[in-house]
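Student: This is the structure, below, for whatever I ask next.
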Amino acid sequence: MCDYYSAPPAPAARARTGTRPAIRPLALAVATALVAAAVMLASAPGVRAWGDEGHRAVASIAYSRLSPRARVRVDALLAAHPFKDIESAAVWPDGAVKRSRPDTAQWHYVNGHDKPLSGKCEFRYPRDCRDGVCALTAVGHAVATLRLWVTSPERVPPALAAEALAFAVHIVGDLAQPLHASGFARGGNDVPVTFAGHPTNLHAVWDFSLLRKTVAADFGGSWPAWLAQLVGGAAVSTLDTGDVACAATVAADDARAVAACAARWAKQANRIVCRDVFPAGFAPGAETSGAYWAATKAVVHDQLVRGGLRLAAMLNQALE
């Protein structure tokens, strides 16, 4: 499949902290690869991460804040390819795409050096982006590919630009989920907890359990009402003004500069790991649907808004 990383031979499944392949140059327009891309885009269903609802929320917030020109270009990519809307593009990189292209799995996270049960969280870039392949470099290449599509459309086939858009939307959302910026216990996947009495793990709780309980408890189970509140709140939000400014001013054609900007987002998310994900007194096996949910639901809300604001600023910069 043609994409902005030249994919290595399919490796065996890796642990999250395992060895990663090095970035390779952009591979453009190979006709048979583009046909394969179109087939996969049409057939790959999304699965849930940030609930799937969370990724859709980040995308909706961003779409509501696109400039007129950026929105036209986003719509052109969505209309030309089998993405129903920006929300469906947001969830495409998970699930079937990860299974059929295991080289993309490490594009969804970055591993901070954390010992949160001891109150120690630390993220440093580029140290925590092993072998130079992680969410930060992936979003850098995705955004640079979008910019190249704008400035030199003859060099970037629409199928490639559509894929880059989907990865950019998805990964910016991933970087707002705190455990996507932590290497501890595989981003919390190996931290057992319960939610409403049911065994699960801490990463899953932050991906969807906290969010879904908020919708059920505070919005009467109405996803549209919850999303409307997020989008409306983003319009007046002052969250992360520095990080949004970074996205709004970065040279979108410079993948390294975009990655450095995204590193600021990862650093902010990593701070939440020690402060809110693993608060003082937390221990594996904790029940997380009561006091833990009440203490963290506003954090989840703010991170989704941050993700949407960052994404809008970066897409406006890339697609103007």
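Labels used: A, B, ... for chains in the order of the structure tokens, numbers from 1 for residues in each chain, and numbers from 1 for ligands as shown.
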Kindly assemble as JSON lines a list of the stretch 203-305 of chain A residues that lie within 10 Å of stretch 146-163 of chain A, each paired with its nearest atom pair and their distance in Å to one decimal, using only C-alpha atoms, sorted first by chain and then by ascending residue number.
Tutor:
```
{"residue": "A:Ala251", "atom": "CA", "partner": "A:Arg147", "partner_atom": "CA", "distance": 9.4}
{"residue": "A:Ala252", "atom": "CA", "partner": "A:Arg147", "partner_atom": "CA", "distance": 6.1}
{"residue": "A:Asp253", "atom": "CA", "partner": "A:Arg147", "partner_atom": "CA", "distance": 5.6}
{"residue": "A:Asp254", "atom": "CA", "partner": "A:Arg147", "partner_atom": "CA", "distance": 9.2}
```
Student: When DSSP is applied to the backbone of this structure, which of stretch 87-157 of chain A are assigned strand (DSSP E)? Write them out as a list in words.
Tutor: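 In stretch 87-157 of chain A, DSSP puts these residues in strand (DSSP E): His113, Asp114, Lys115, Lys120, Cys121 and Glu122 of chain A.
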Student: Could you name the residues that touch A:Gly112 at 8 Å or less, counting only C-alpha atoms, but leaving out those on the same chain fewer than 5 positions away, as a list in words?
Tutor: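 Near neighbours after the sequence-gap exclusion: Cys121, Glu122, Phe123, Arg124, Asp128, Ala181, Ser182, Gly183, Phe184 and Asn270 of chain A.
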Student: If you keep N, CA, C and O atoms, can you produce a file of those selected residues as a CSV table (one decimal), in the first residue's frame?
Tutor:
```
chain,number,residue,atom,x,y,z
A,121,CYS,N,6.8,11.0,36.7
A,121,CYS,CA,6.4,11.0,35.2
A,121,CYS,C,7.4,11.9,34.5
A,121,CYS,O,7.6,13.0,34.9
A,122,GLU,N,8.0,11.4,33.4
A,122,GLU,CA,8.9,12.3,32.7
A,122,GLU,C,8.8,11.9,31.2
A,122,GLU,O,8.9,10.8,30.8
A,123,PHE,N,8.6,12.9,30.4
A,123,PHE,CA,8.6,12.8,28.9
A,123,PHE,C,9.6,13.7,28.3
A,123,PHE,O,9.7,14.9,28.7
A,124,ARG,N,10.5,13.1,27.5
A,124,ARG,CA,11.5,13.9,26.7
A,124,ARG,C,11.5,13.5,25.3
A,124,ARG,O,11.5,12.3,25.0
A,128,ASP,N,12.1,9.6,23.9
A,128,ASP,CA,11.0,8.7,24.2
A,128,ASP,C,10.3,8.3,22.9
A,128,ASP,O,9.2,7.7,22.9
A,181,ALA,N,0.8,8.7,26.0
A,181,ALA,CA,2.0,9.4,26.2
A,181,ALA,C,2.8,8.8,27.4
A,181,ALA,O,3.7,9.4,27.9
A,182,SER,N,2.5,7.6,27.8
A,182,SER,CA,3.2,6.9,28.9
A,182,SER,C,3.6,5.5,28.5
A,182,SER,O,2.9,4.8,27.9
A,183,GLY,N,4.9,5.2,28.8
A,183,GLY,CA,5.3,3.8,28.6
A,183,GLY,C,5.1,2.9,29.8
A,183,GLY,O,5.5,1.7,29.7
A,184,PHE,N,4.6,3.4,30.9
A,184,PHE,CA,4.4,2.5,32.0
A,184,PHE,C,3.3,1.4,31.8
A,184,PHE,O,2.2,1.7,31.4
A,270,ASN,N,1.4,13.7,29.4
A,270,ASN,CA,2.2,12.9,30.3
A,270,ASN,C,2.1,13.4,31.7
A,270,ASN,O,2.1,12.6,32.7
```
Student: Using only C-alpha atoms, which residue out of A:Gly307, A:Pro279, A:Gly187, A:Pro284 lies closest to A:Leu239?
Tutor: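 Distance minimum relative to A:Leu239 lands on A:Gly307.
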Student: Counting only C-alpha atoms, figure out which residue out of A:Gly95, A:Pro116, A:Gly173, A:Gly232 gets nearest to A:Asp276.
Tutor: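 Looking only at the distances to A:Asp276, the closest residue turns out to be A:Pro116.
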Student: Leaving out A:Arg256 and any residue of its chain fewer than 2 positions from it, which residues lie within 12 Å of it when counting only C-alpha atoms, given as a CSV table (one decimal) with all heavy atoms, in the first residue's frame?
Tutor:
```csv
chain,number,residue,atom,x,y,z
A,125,TYR,N,11.5,14.4,24.4
A,125,TYR,CA,11.6,14.2,23.0
A,125,TYR,C,13.0,14.7,22.5
A,125,TYR,O,13.4,15.8,22.9
A,125,TYR,CB,10.5,14.9,22.3
A,125,TYR,CG,10.5,14.7,20.8
A,125,TYR,CD1,10.2,13.5,20.2
A,125,TYR,CD2,10.8,15.8,19.9
A,125,TYR,CE1,10.3,13.3,18.8
A,125,TYR,CE2,10.8,15.6,18.5
A,125,TYR,CZ,10.6,14.4,18.0
A,125,TYR,OH,10.6,14.2,16.6
A,126,PRO,N,13.7,13.9,21.7
A,126,PRO,CA,13.3,12.7,21.0
A,126,PRO,C,13.6,11.4,21.8
A,126,PRO,O,13.3,10.3,21.2
A,126,PRO,CB,14.2,12.8,19.8
A,126,PRO,CG,15.4,13.4,20.2
A,126,PRO,CD,15.0,14.5,21.2
A,132,GLY,N,13.0,6.9,16.4
A,132,GLY,CA,12.4,8.0,15.6
A,132,GLY,C,11.0,7.6,15.0
A,132,GLY,O,10.6,8.4,14.1
A,133,VAL,N,10.4,6.6,15.5
A,133,VAL,CA,9.1,6.2,15.0
A,133,VAL,C,8.1,6.2,16.1
A,133,VAL,O,8.2,5.4,17.0
A,133,VAL,CB,9.1,4.9,14.3
A,133,VAL,CG1,7.7,4.6,13.7
A,133,VAL,CG2,10.1,4.8,13.2
A,136,LEU,N,4.5,11.2,17.3
A,136,LEU,CA,5.0,12.5,17.0
A,136,LEU,C,5.5,12.6,15.6
A,136,LEU,O,5.2,13.5,14.8
A,136,LEU,CB,6.1,12.9,18.0
A,136,LEU,CG,5.7,12.8,19.5
A,136,LEU,CD1,6.9,13.3,20.4
A,136,LEU,CD2,4.4,13.5,19.8
A,137,THR,N,6.4,11.6,15.2
A,137,THR,CA,6.9,11.6,13.9
A,137,THR,C,5.9,11.3,12.9
A,137,THR,O,5.9,11.8,11.7
A,137,THR,CB,8.1,10.7,13.8
A,137,THR,OG1,7.8,9.4,14.3
A,137,THR,CG2,9.3,11.2,14.6
A,138,ALA,N,4.9,10.4,13.3
A,138,ALA,CA,3.8,10.0,12.3
A,138,ALA,C,3.0,11.2,12.0
A,138,ALA,O,2.6,11.4,10.8
A,138,ALA,CB,3.0,8.9,12.9
A,139,VAL,N,2.6,12.0,13.0
A,139,VAL,CA,1.7,13.1,12.7
A,139,VAL,C,2.5,14.2,11.9
A,139,VAL,O,2.0,14.9,11.0
A,139,VAL,CB,1.1,13.7,14.0
A,139,VAL,CG1,2.1,14.6,14.8
A,139,VAL,CG2,-0.1,14.6,13.7
A,140,GLY,N,3.8,14.3,12.2
A,140,GLY,CA,4.7,15.2,11.4
A,140,GLY,C,4.7,14.9,9.9
A,140,GLY,O,4.5,15.7,9.1
A,141,HIS,N,4.8,13.6,9.6
A,141,HIS,CA,4.8,13.2,8.2
A,141,HIS,C,3.4,13.3,7.6
A,141,HIS,O,3.3,13.6,6.4
A,141,HIS,CB,5.3,11.8,8.1
A,141,HIS,CG,6.8,11.7,8.1
A,141,HIS,ND1,7.6,11.7,7.0
A,141,HIS,CD2,7.7,11.6,9.2
A,141,HIS,CE1,8.9,11.7,7.4
A,141,HIS,NE2,9.0,11.6,8.7
A,142,ALA,N,2.4,13.0,8.4
A,142,ALA,CA,1.0,13.1,7.8
A,142,ALA,C,0.7,14.6,7.5
A,142,ALA,O,0.2,14.9,6.4
A,142,ALA,CB,0.0,12.6,8.9
A,143,VAL,N,1.0,15.5,8.4
A,143,VAL,CA,0.8,16.9,8.1
A,143,VAL,C,1.6,17.4,6.9
A,143,VAL,O,1.1,18.2,6.1
A,143,VAL,CB,1.0,17.8,9.4
A,143,VAL,CG1,0.9,19.3,9.1
A,143,VAL,CG2,-0.1,17.4,10.4
A,144,ALA,N,2.9,17.0,6.9
A,144,ALA,CA,3.7,17.5,5.8
A,144,ALA,C,3.2,16.9,4.5
A,144,ALA,O,3.3,17.6,3.4
A,144,ALA,CB,5.2,17.0,6.0
A,250,VAL,N,3.3,26.6,13.1
A,250,VAL,CA,4.4,25.7,12.7
A,250,VAL,C,4.4,25.7,11.2
A,250,VAL,O,3.4,25.8,10.5
A,250,VAL,CB,4.2,24.3,13.3
A,250,VAL,CG1,3.0,23.6,12.7
A,250,VAL,CG2,5.5,23.5,13.2
A,251,ALA,N,5.6,25.5,10.6
A,251,ALA,CA,5.8,25.2,9.2
A,251,ALA,C,5.3,23.9,8.8
A,251,ALA,O,5.9,22.8,9.1
A,251,ALA,CB,7.2,25.4,8.8
A,252,ALA,N,4.1,23.8,8.2
A,252,ALA,CA,3.4,22.5,8.0
A,252,ALA,C,4.2,21.6,7.1
A,252,ALA,O,3.9,20.4,7.1
A,252,ALA,CB,2.0,22.7,7.5
A,253,ASP,N,5.0,22.2,6.3
A,253,ASP,CA,5.8,21.3,5.3
A,253,ASP,C,7.1,20.7,6.0
A,253,ASP,O,7.8,20.0,5.3
A,253,ASP,CB,6.2,22.1,4.1
A,253,ASP,CG,7.0,23.4,4.4
A,253,ASP,OD1,7.2,23.7,5.6
A,253,ASP,OD2,7.5,24.0,3.4
A,254,ASP,N,7.3,21.0,7.2
A,254,ASP,CA,8.5,20.6,8.0
A,254,ASP,C,8.1,19.5,9.0
A,254,ASP,O,7.6,19.9,10.1
A,254,ASP,CB,9.2,21.8,8.7
A,254,ASP,CG,10.5,21.4,9.3
A,254,ASP,OD1,10.7,20.2,9.6
A,254,ASP,OD2,11.2,22.3,9.6
A,258,VAL,N,6.7,19.9,13.0
A,258,VAL,CA,5.4,19.5,13.4
A,258,VAL,C,5.6,18.5,14.5
A,258,VAL,O,4.8,18.6,15.5
A,258,VAL,CB,4.6,18.9,12.2
A,258,VAL,CG1,3.3,18.3,12.7
A,258,VAL,CG2,4.3,19.9,11.2
A,259,ALA,N,6.5,17.6,14.4
A,259,ALA,CA,6.7,16.6,15.5
A,259,ALA,C,7.1,17.3,16.8
A,259,ALA,O,6.7,16.9,17.9
A,259,ALA,CB,7.8,15.6,15.1
A,260,ALA,N,8.0,18.3,16.7
A,260,ALA,CA,8.4,19.0,17.9
A,260,ALA,C,7.2,19.7,18.5
A,260,ALA,O,7.1,19.8,19.8
A,260,ALA,CB,9.5,20.0,17.5
A,261,CYS,N,6.3,20.3,17.7
A,261,CYS,CA,5.1,20.9,18.3
A,261,CYS,C,4.2,19.8,19.0
A,261,CYS,O,3.8,20.0,20.1
A,261,CYS,CB,4.3,21.6,17.1
A,261,CYS,SG,2.7,22.3,17.6
A,262,ALA,N,4.1,18.7,18.3
A,262,ALA,CA,3.3,17.6,18.9
A,262,ALA,C,3.9,17.1,20.2
A,262,ALA,O,3.2,16.6,21.1
A,262,ALA,CB,3.1,16.5,17.9
A,263,ALA,N,5.2,17.2,20.3
A,263,ALA,CA,5.9,16.8,21.6
A,263,ALA,C,5.4,17.6,22.8
A,263,ALA,O,5.4,17.1,23.9
A,263,ALA,CB,7.4,16.9,21.4
```
Student: Please provide as an MDAnalysis selection string all residues within 12 Å of A:Asn316, with the sequence filter that same-chain residues fewer than 2 positions apart are discarded (counting only C-alpha atoms).
Tutor: chainID A and resid 62:74 143 146:147 150 244:245 247:252 309:314 318:320
Student: Just the selected residues (C-alpha atoms), exported as a PDB file, in the first residue's frame, please.
Tutor:
```pdb
ATOM      1  CA  ALA A  62     -11.808  20.436  14.772  1.00  0.00           C
ATOM      2  CA  TYR A  63     -14.173  20.468  11.795  1.00  0.00           C
ATOM      3  CA  SER A  64     -16.317  23.129  13.456  1.00  0.00           C
ATOM      4  CA  ARG A  65     -13.259  25.380  13.673  1.00  0.00           C
ATOM      5  CA  LEU A  66     -11.743  24.909  10.223  1.00  0.00           C
ATOM      6  CA  SER A  67     -11.175  27.949   8.054  1.00  0.00           C
ATOM      7  CA  PRO A  68     -13.362  28.101   4.928  1.00  0.00           C
ATOM      8  CA  ARG A  69     -10.470  27.108   2.661  1.00  0.00           C
ATOM      9  CA  ALA A  70      -9.304  24.280   4.894  1.00  0.00           C
ATOM     10  CA  ARG A  71     -12.857  22.943   5.136  1.00  0.00           C
ATOM     11  CA  VAL A  72     -13.220  22.917   1.346  1.00  0.00           C
ATOM     12  CA  ARG A  73      -9.997  20.917   1.055  1.00  0.00           C
ATOM     13  CA  VAL A  74     -10.956  18.506   3.815  1.00  0.00           C
ATOM     14  CA  VAL A 143       0.762  16.930   8.105  1.00  0.00           C
ATOM     15  CA  LEU A 146      -1.118  17.219   3.417  1.00  0.00           C
ATOM     16  CA  ARG A 147       0.849  20.405   2.871  1.00  0.00           C
ATOM     17  CA  VAL A 150      -1.788  21.573  -1.364  1.00  0.00           C
ATOM     18  CA  VAL A 244      -2.688  25.762  19.819  1.00  0.00           C
ATOM     19  CA  ALA A 245      -0.456  28.688  18.876  1.00  0.00           C
ATOM     20  CA  ALA A 247       0.054  24.280  15.780  1.00  0.00           C
ATOM     21  CA  ALA A 248      -1.203  27.474  14.142  1.00  0.00           C
ATOM     22  CA  THR A 249       2.271  28.814  13.371  1.00  0.00           C
ATOM     23  CA  VAL A 250       4.406  25.733  12.688  1.00  0.00           C
ATOM     24  CA  ALA A 251       5.777  25.244   9.180  1.00  0.00           C
ATOM     25  CA  ALA A 252       3.416  22.498   8.044  1.00  0.00           C
ATOM     26  CA  LEU A 309      -8.425  22.777  19.094  1.00  0.00           C
ATOM     27  CA  ARG A 310      -4.943  21.504  18.261  1.00  0.00           C
ATOM     28  CA  LEU A 311      -6.189  19.561  15.261  1.00  0.00           C
ATOM     29  CA  ALA A 312      -8.137  22.502  13.856  1.00  0.00           C
ATOM     30  CA  ALA A 313      -5.137  24.805  14.172  1.00  0.00           C
ATOM     31  CA  MET A 314      -2.823  22.324  12.488  1.00  0.00           C
ATOM     32  CA  ALA A 318      -1.518  22.754   6.492  1.00  0.00           C
ATOM     33  CA  LEU A 319      -4.484  23.275   4.174  1.00  0.00           C
ATOM     34  CA  GLU A 320      -4.543  27.062   3.719  1.00  0.00           C
TER      35      GLU A 320
END
```
Student: Can you check which parts of stretch 147-196 of chain A lie within 12 Å of stretch 97-104 of chain A? Per residue, the shortest pair of atoms and distance in Å to one decimal, counting only C-alpha atoms, sorted by chain and number, as JSON lines.
Tutor:
```
{"residue": "A:Glu163", "atom": "CA", "partner": "A:Val97", "partner_atom": "CA", "distance": 11.0}
{"residue": "A:Ala166", "atom": "CA", "partner": "A:Val97", "partner_atom": "CA", "distance": 11.4}
{"residue": "A:Phe167", "atom": "CA", "partner": "A:Thr104", "partner_atom": "CA", "distance": 9.7}
{"residue": "A:Ile171", "atom": "CA", "partner": "A:Thr104", "partner_atom": "CA", "distance": 11.0}
```
Student: Among stretch 210-258 of chain A, which ones does DSSP place in alpha helix (DSSP H), written as a PyMOL selection string?
Tutor: chain A and resi 210-218+223-235+241-249+255-258
Student: Write a file of the selected residues as a compact mmCIF listing (two decimals), in the first residue's frame, keeping N, CA, C and O atoms.
Tutor:
```txt
# COMPACT_ATOMS: atom_id res chain seq x y z
N LEU A 210 -14.72 5.90 31.09
CA LEU A 210 -15.01 7.18 31.76
C LEU A 210 -15.93 8.04 30.90
O LEU A 210 -16.91 8.62 31.39
N LEU A 211 -15.62 8.09 29.63
CA LEU A 211 -16.40 8.91 28.69
C LEU A 211 -17.84 8.41 28.60
O LEU A 211 -18.80 9.19 28.67
N ARG A 212 -18.00 7.10 28.46
CA ARG A 212 -19.34 6.55 28.30
C ARG A 212 -20.19 6.74 29.56
O ARG A 212 -21.39 7.00 29.46
N LYS A 213 -19.57 6.64 30.72
CA LYS A 213 -20.35 6.87 31.93
C LYS A 213 -20.78 8.33 32.01
O LYS A 213 -21.91 8.63 32.44
N THR A 214 -19.92 9.25 31.60
CA THR A 214 -20.28 10.66 31.61
C THR A 214 -21.50 10.91 30.72
O THR A 214 -22.44 11.62 31.12
N VAL A 215 -21.50 10.33 29.54
CA VAL A 215 -22.64 10.51 28.64
C VAL A 215 -23.90 9.94 29.27
O VAL A 215 -24.97 10.56 29.24
N ALA A 216 -23.79 8.76 29.88
CA ALA A 216 -24.96 8.13 30.49
C ALA A 216 -25.46 8.89 31.71
O ALA A 216 -26.66 9.12 31.88
N ALA A 217 -24.52 9.33 32.57
CA ALA A 217 -24.91 9.92 33.85
C ALA A 217 -25.24 11.40 33.74
O ALA A 217 -26.14 11.90 34.44
N ASP A 218 -24.53 12.13 32.90
CA ASP A 218 -24.67 13.58 32.85
C ASP A 218 -25.45 14.10 31.64
O ASP A 218 -25.86 15.27 31.62
N TRP A 223 -25.67 11.01 23.07
CA TRP A 223 -24.38 11.38 22.48
C TRP A 223 -24.45 12.71 21.75
O TRP A 223 -23.51 13.51 21.84
N PRO A 224 -25.51 13.04 21.01
CA PRO A 224 -25.57 14.35 20.37
C PRO A 224 -25.50 15.51 21.37
O PRO A 224 -24.85 16.52 21.10
N ALA A 225 -26.17 15.36 22.51
CA ALA A 225 -26.11 16.43 23.52
C ALA A 225 -24.71 16.58 24.08
O ALA A 225 -24.22 17.70 24.29
N TRP A 226 -24.05 15.46 24.32
CA TRP A 226 -22.67 15.49 24.82
C TRP A 226 -21.75 16.14 23.81
O TRP A 226 -20.93 17.01 24.15
N LEU A 227 -21.88 15.76 22.53
CA LEU A 227 -21.01 16.31 21.50
C LEU A 227 -21.27 17.80 21.31
O LEU A 227 -20.33 18.59 21.15
N ALA A 228 -22.54 18.20 21.35
CA ALA A 228 -22.87 19.62 21.20
C ALA A 228 -22.24 20.44 22.32
O ALA A 228 -21.76 21.56 22.10
N GLN A 229 -22.23 19.87 23.53
CA GLN A 229 -21.60 20.59 24.65
C GLN A 229 -20.11 20.72 24.44
O GLN A 229 -19.52 21.77 24.72
N LEU A 230 -19.46 19.69 23.92
CA LEU A 230 -18.02 19.75 23.65
C LEU A 230 -17.71 20.78 22.57
O LEU A 230 -16.80 21.61 22.73
N VAL A 231 -18.45 20.74 21.48
CA VAL A 231 -18.20 21.66 20.37
C VAL A 231 -18.47 23.09 20.81
O VAL A 231 -17.69 24.01 20.52
N GLY A 232 -19.56 23.31 21.54
CA GLY A 232 -19.87 24.64 22.03
C GLY A 232 -18.82 25.15 23.01
O GLY A 232 -18.42 26.32 22.96
N GLY A 233 -18.34 24.26 23.88
CA GLY A 233 -17.32 24.65 24.82
C GLY A 233 -16.01 24.99 24.15
O GLY A 233 -15.28 25.89 24.57
N ALA A 234 -15.68 24.27 23.07
CA ALA A 234 -14.44 24.54 22.36
C ALA A 234 -14.43 25.94 21.76
O ALA A 234 -13.38 26.57 21.64
N ALA A 235 -15.61 26.43 21.39
CA ALA A 235 -15.70 27.75 20.76
C ALA A 235 -15.27 28.87 21.69
O ALA A 235 -14.85 29.94 21.24
N THR A 241 -3.63 27.43 25.13
CA THR A 241 -3.43 28.47 24.13
C THR A 241 -2.03 28.40 23.52
O THR A 241 -1.86 28.65 22.33
N GLY A 242 -1.03 28.04 24.31
CA GLY A 242 0.33 27.94 23.77
C GLY A 242 0.47 26.80 22.79
O GLY A 242 1.09 26.95 21.73
N ASP A 243 -0.13 25.65 23.12
CA ASP A 243 -0.05 24.51 22.22
C ASP A 243 -0.82 24.76 20.93
O ASP A 243 -0.40 24.33 19.86
N VAL A 244 -1.93 25.44 21.02
CA VAL A 244 -2.69 25.76 19.82
C VAL A 244 -1.92 26.76 18.97
O VAL A 244 -1.86 26.66 17.74
N ALA A 245 -1.27 27.72 19.61
CA ALA A 245 -0.46 28.69 18.88
C ALA A 245 0.68 27.99 18.14
O ALA A 245 1.01 28.33 17.00
N CYS A 246 1.27 27.00 18.79
CA CYS A 246 2.31 26.21 18.15
C CYS A 246 1.79 25.57 16.87
O CYS A 246 2.41 25.64 15.81
N ALA A 247 0.63 24.94 16.95
CA ALA A 247 0.05 24.28 15.78
C ALA A 247 -0.32 25.28 14.70
O ALA A 247 -0.24 24.98 13.51
N ALA A 248 -0.74 26.47 15.10
CA ALA A 248 -1.20 27.47 14.14
C ALA A 248 -0.07 28.19 13.44
O ALA A 248 -0.30 28.86 12.43
N THR A 249 1.15 28.07 13.95
CA THR A 249 2.27 28.81 13.37
C THR A 249 3.38 27.92 12.84
O THR A 249 4.28 28.41 12.15
N ALA A 255 8.22 18.26 8.61
CA ALA A 255 7.74 17.17 9.47
C ALA A 255 8.41 17.21 10.84
O ALA A 255 7.77 16.90 11.85
N ARG A 256 9.68 17.60 10.90
CA ARG A 256 10.37 17.65 12.19
C ARG A 256 9.80 18.76 13.08
O ARG A 256 9.65 18.58 14.29
N ALA A 257 9.48 19.88 12.48
CA ALA A 257 8.90 20.98 13.26
C ALA A 257 7.52 20.60 13.79
O ALA A 257 7.17 20.91 14.93
N VAL A 258 6.73 19.93 12.96
CA VAL A 258 5.41 19.49 13.40
C VAL A 258 5.55 18.49 14.55
O VAL A 258 4.83 18.56 15.55
```
Student: For the atom pair atom CA of A:Pro178 and atom CA of A:Thr200, what is the interatomic distance in Å to one decimal place?
Tutor: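 We find that atom CA of A:Pro178 and atom CA of A:Thr200 lie 17.5 Å from each other.
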Student: Select, from A:Ser289, A:Gln303, A:Ser118, A:Thr238, the residue with the minimum atom-to-atom distance to A:Trp265, counting only C-alpha atoms.
Tutor: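 The answer is A:Gln303, which sits nearest to A:Trp265.
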